[in-house]
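A.B. asks: Structure provided below as structure tokens; questions to follow.
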Amino acid sequence: LLFASAIVPAWYIGKYMARHYAHSFEVTTANGPMTLTWVWFPLAVPSWMVSFSLIVVLLKWIIIGKYEAGILKVSSFAYVRWWLVDRSLAMWEFWVGRFVKDTPLINLFYGLMGAKVHRSASMKAFIREFDLVEIGKSASIEYQIHCRKFGTWNTSSEASLHFRQTVVNKGAIVKGMICPGVSVGAGAFVEKQSVVASGAQVPGRRLVVGNPAYIVGTAEPSWETSWWKMGCLKLLWIT
């Protein structure tokens with residue numbers, strides 16, 4: 001239904017462009033001259049992506065509102081609301097998000113969803129539970145961030161979903177997994193294939209590795225780069 005709803009404005013835009021901006025030209029072939037018509041149809045695809053993104057943003061604020069730290073029982077209606085929005089986000093990541101990763105557009109989208117993502121942060125991976133995420137200036141996210149985790153599930157306790165805030169401070173680089181409730185200090189480096197346990201705090205300017213992650217040394221200073229310029233070129237190339 002979400003997918004189909006986003007097609008409607010894209011169809012009208014494509015129809016308008018075909019009616020007002022179609023160009024005809026003549027080419028010579030072996031069988032004689034042939035008239036071809038160029039229609040600005042490719043604009044319909046970006047317009048669908050924008051429409052779908054706005055629908056997902058609207059759905060999140062209508063159904064969820066604002067994500068809050070706490071515990072949800074799987075049998076509750078609140079869990080159903082979370083699941084519905086989460087599945088919609090998975091669809092958005094597949095059809096739209098993977099094309100705009102590490103571009104200014106994904107920072108804008110996450111801002112509309114309620115995340116505190118600095119405009120200079122490089123988002124090379126997806127995040128969820130946006131209101132519980134804070135990404136600082138010039139930080140680099142290369143591994144997905146989810147601010148939820150299922151609790152103990154057995155015959156004596158009901159299944160539950162736990163939400164905790166996750167913070168990545170200025171200049172930090174995250175290449176490994178950080179669990180809900182983690183705080184990564186300014187300039188810290190989380191190495192690939194590392195797992196920072198729930199609730200842990202990574203001190204500033206420290207390099208952490210392993211599972212669970214532990215400090216092995218001092219992180220090299222991360223230089224600010226104009227990644228957004230390459231992101232804009234990427235958007236132009238896609239268009």
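Here's how to read the names in the structure tokens: chain A, B, ... by the order shown, residue numbers from 1 in each chain, ligand numbers from 1 in the order shown.
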Would you mind listing what lies within 10 Å of stretch 111-128 of chain A as a PyMOL selection string, with only C-alpha atoms counted and same-chain residues fewer than 3 positions away left out?

C.D. replies: chain A and resi 53-54+56-61+65-67+86+89-90+93+97-98+100-108+131-148+167-168+170-175+224-228+231

A.B. asks: Step one, run DSSP on the backbone; step two, keep only residues of stretch 53-93 of chain A assigned to strand (DSSP E or B); then write them as a PDB file with all heavy atoms, in the first residue's frame.

C.D. replies:
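Everything below was put into states.pdb:
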```
ATOM      1  N   GLY A  70      12.755   2.671  27.168  1.00  0.00           N
ATOM      2  CA  GLY A  70      11.845   1.909  28.017  1.00  0.00           C
ATOM      3  C   GLY A  70      11.735   0.474  27.542  1.00  0.00           C
ATOM      4  O   GLY A  70      12.570  -0.016  26.770  1.00  0.00           O
ATOM      5  N   ILE A  71      10.675  -0.200  28.012  1.00  0.00           N
ATOM      6  CA  ILE A  71      10.469  -1.613  27.706  1.00  0.00           C
ATOM      7  C   ILE A  71       9.062  -1.813  27.151  1.00  0.00           C
ATOM      8  O   ILE A  71       8.100  -1.287  27.704  1.00  0.00           O
ATOM      9  CB  ILE A  71      10.665  -2.496  28.955  1.00  0.00           C
ATOM     10  CG1 ILE A  71      12.091  -2.315  29.510  1.00  0.00           C
ATOM     11  CG2 ILE A  71      10.409  -3.962  28.626  1.00  0.00           C
ATOM     12  CD1 ILE A  71      12.323  -3.075  30.809  1.00  0.00           C
ATOM     13  N   LEU A  72       8.974  -2.550  26.039  1.00  0.00           N
ATOM     14  CA  LEU A  72       7.679  -2.892  25.449  1.00  0.00           C
ATOM     15  C   LEU A  72       7.464  -4.395  25.528  1.00  0.00           C
ATOM     16  O   LEU A  72       8.380  -5.173  25.238  1.00  0.00           O
ATOM     17  CB  LEU A  72       7.621  -2.474  23.974  1.00  0.00           C
ATOM     18  CG  LEU A  72       7.556  -0.989  23.624  1.00  0.00           C
ATOM     19  CD1 LEU A  72       7.454  -0.835  22.115  1.00  0.00           C
ATOM     20  CD2 LEU A  72       6.373  -0.326  24.307  1.00  0.00           C
ATOM     21  N   LYS A  73       6.275  -4.805  25.912  1.00  0.00           N
ATOM     22  CA  LYS A  73       5.938  -6.223  25.865  1.00  0.00           C
ATOM     23  C   LYS A  73       5.548  -6.598  24.442  1.00  0.00           C
ATOM     24  O   LYS A  73       4.844  -5.845  23.767  1.00  0.00           O
ATOM     25  CB  LYS A  73       4.793  -6.522  26.829  1.00  0.00           C
ATOM     26  CG  LYS A  73       5.153  -6.334  28.290  1.00  0.00           C
ATOM     27  CD  LYS A  73       3.985  -6.708  29.187  1.00  0.00           C
ATOM     28  CE  LYS A  73       4.368  -6.556  30.664  1.00  0.00           C
ATOM     29  NZ  LYS A  73       3.233  -6.904  31.566  1.00  0.00           N
TER      30      LYS A  73
END
```

A.B. asks: Can you work out which one of A:Phe189, A:Trp48, A:Phe163, A:Tyr12 has the shortest atom-to-atom distance to A:Pro221, counting only C-alpha atoms?

C.D. replies: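 With only C-alpha atoms as the atom set, the closest residue is A:Phe189.
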
A.B. asks: Neighbours of A:Arg206 within 6 Å (only C-alpha atoms; same-chain residues fewer than 4 positions away dropped), as a CSV table (one decimal) with N, CA and C atoms, in the first residue's frame?

C.D. replies:
```csv
chain,number,residue,atom,x,y,z
A,188,ALA,N,36.7,8.8,19.2
A,188,ALA,CA,37.0,7.4,19.5
A,188,ALA,C,36.8,6.6,18.2
A,217,GLY,N,44.4,1.1,22.7
A,217,GLY,CA,45.3,2.2,22.4
A,217,GLY,C,44.6,3.5,22.2
A,218,THR,N,45.3,4.4,21.6
A,218,THR,CA,44.8,5.7,21.3
A,218,THR,C,44.4,5.8,19.8
A,219,ALA,N,43.3,6.4,19.5
A,219,ALA,CA,42.8,6.5,18.1
A,219,ALA,C,43.5,7.6,17.5
```

A.B. asks: Which is closest to A:Tyr16 among A:Leu43, A:Pro33, A:Phe109, A:Thr28, if we use only C-alpha atoms?

C.D. replies: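 So, comparing all the options, the nearest one is A:Leu43.
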
A.B. asks: Using only C-alpha atoms, which of the listed residues (A:Ile63, A:Val27, A:Ile13, A:Val85) sits closest to A:Val45?

C.D. replies: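 Among the listed residues, the smallest separation from A:Val45 belongs to A:Ile13.
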
A.B. asks: Fewer than 4 positions away in the same chain doesn't count, so skip those; otherwise give me all residues within 8 Å of A:Ser198, counting only C-alpha atoms, as a PDB file with C-alpha atoms, in the first residue's frame.

C.D. replies:
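The result, written out as out-v3.pdb:
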```pdb
ATOM      1  CA  ILE A 178      27.448  -0.711  19.074  1.00  0.00           C
ATOM      2  CA  CYS A 179      24.588  -2.055  21.159  1.00  0.00           C
ATOM      3  CA  PRO A 180      21.720   0.024  22.619  1.00  0.00           C
ATOM      4  CA  GLY A 181      22.702   2.389  25.419  1.00  0.00           C
ATOM      5  CA  VAL A 182      26.282   2.880  24.217  1.00  0.00           C
TER       6      VAL A 182
END
```

A.B. asks: Check stretch 96-227 of chain A with DSSP on the backbone and list each residue it calls alpha helix (DSSP H), as a compact mmCIF listing (two decimals) with C-alpha atoms, in the first residue's frame.

C.D. replies:
```txt
# COMPACT_ATOMS: atom_id res chain seq x y z
CA ARG A 98 20.76 2.35 -0.31
CA PHE A 99 20.90 4.90 -3.13
CA VAL A 100 21.28 7.92 -0.84
CA PRO A 104 23.22 14.90 2.40
CA LEU A 105 19.77 13.46 1.63
CA ILE A 106 20.01 10.66 4.18
CA ASN A 107 21.01 13.16 6.88
CA LEU A 108 17.95 15.22 5.95
CA PHE A 109 15.70 12.16 6.05
CA TYR A 110 16.96 11.12 9.48
CA GLY A 111 16.47 14.66 10.74
CA LEU A 112 12.84 14.55 9.58
CA TRP A 227 32.38 13.86 1.99
```
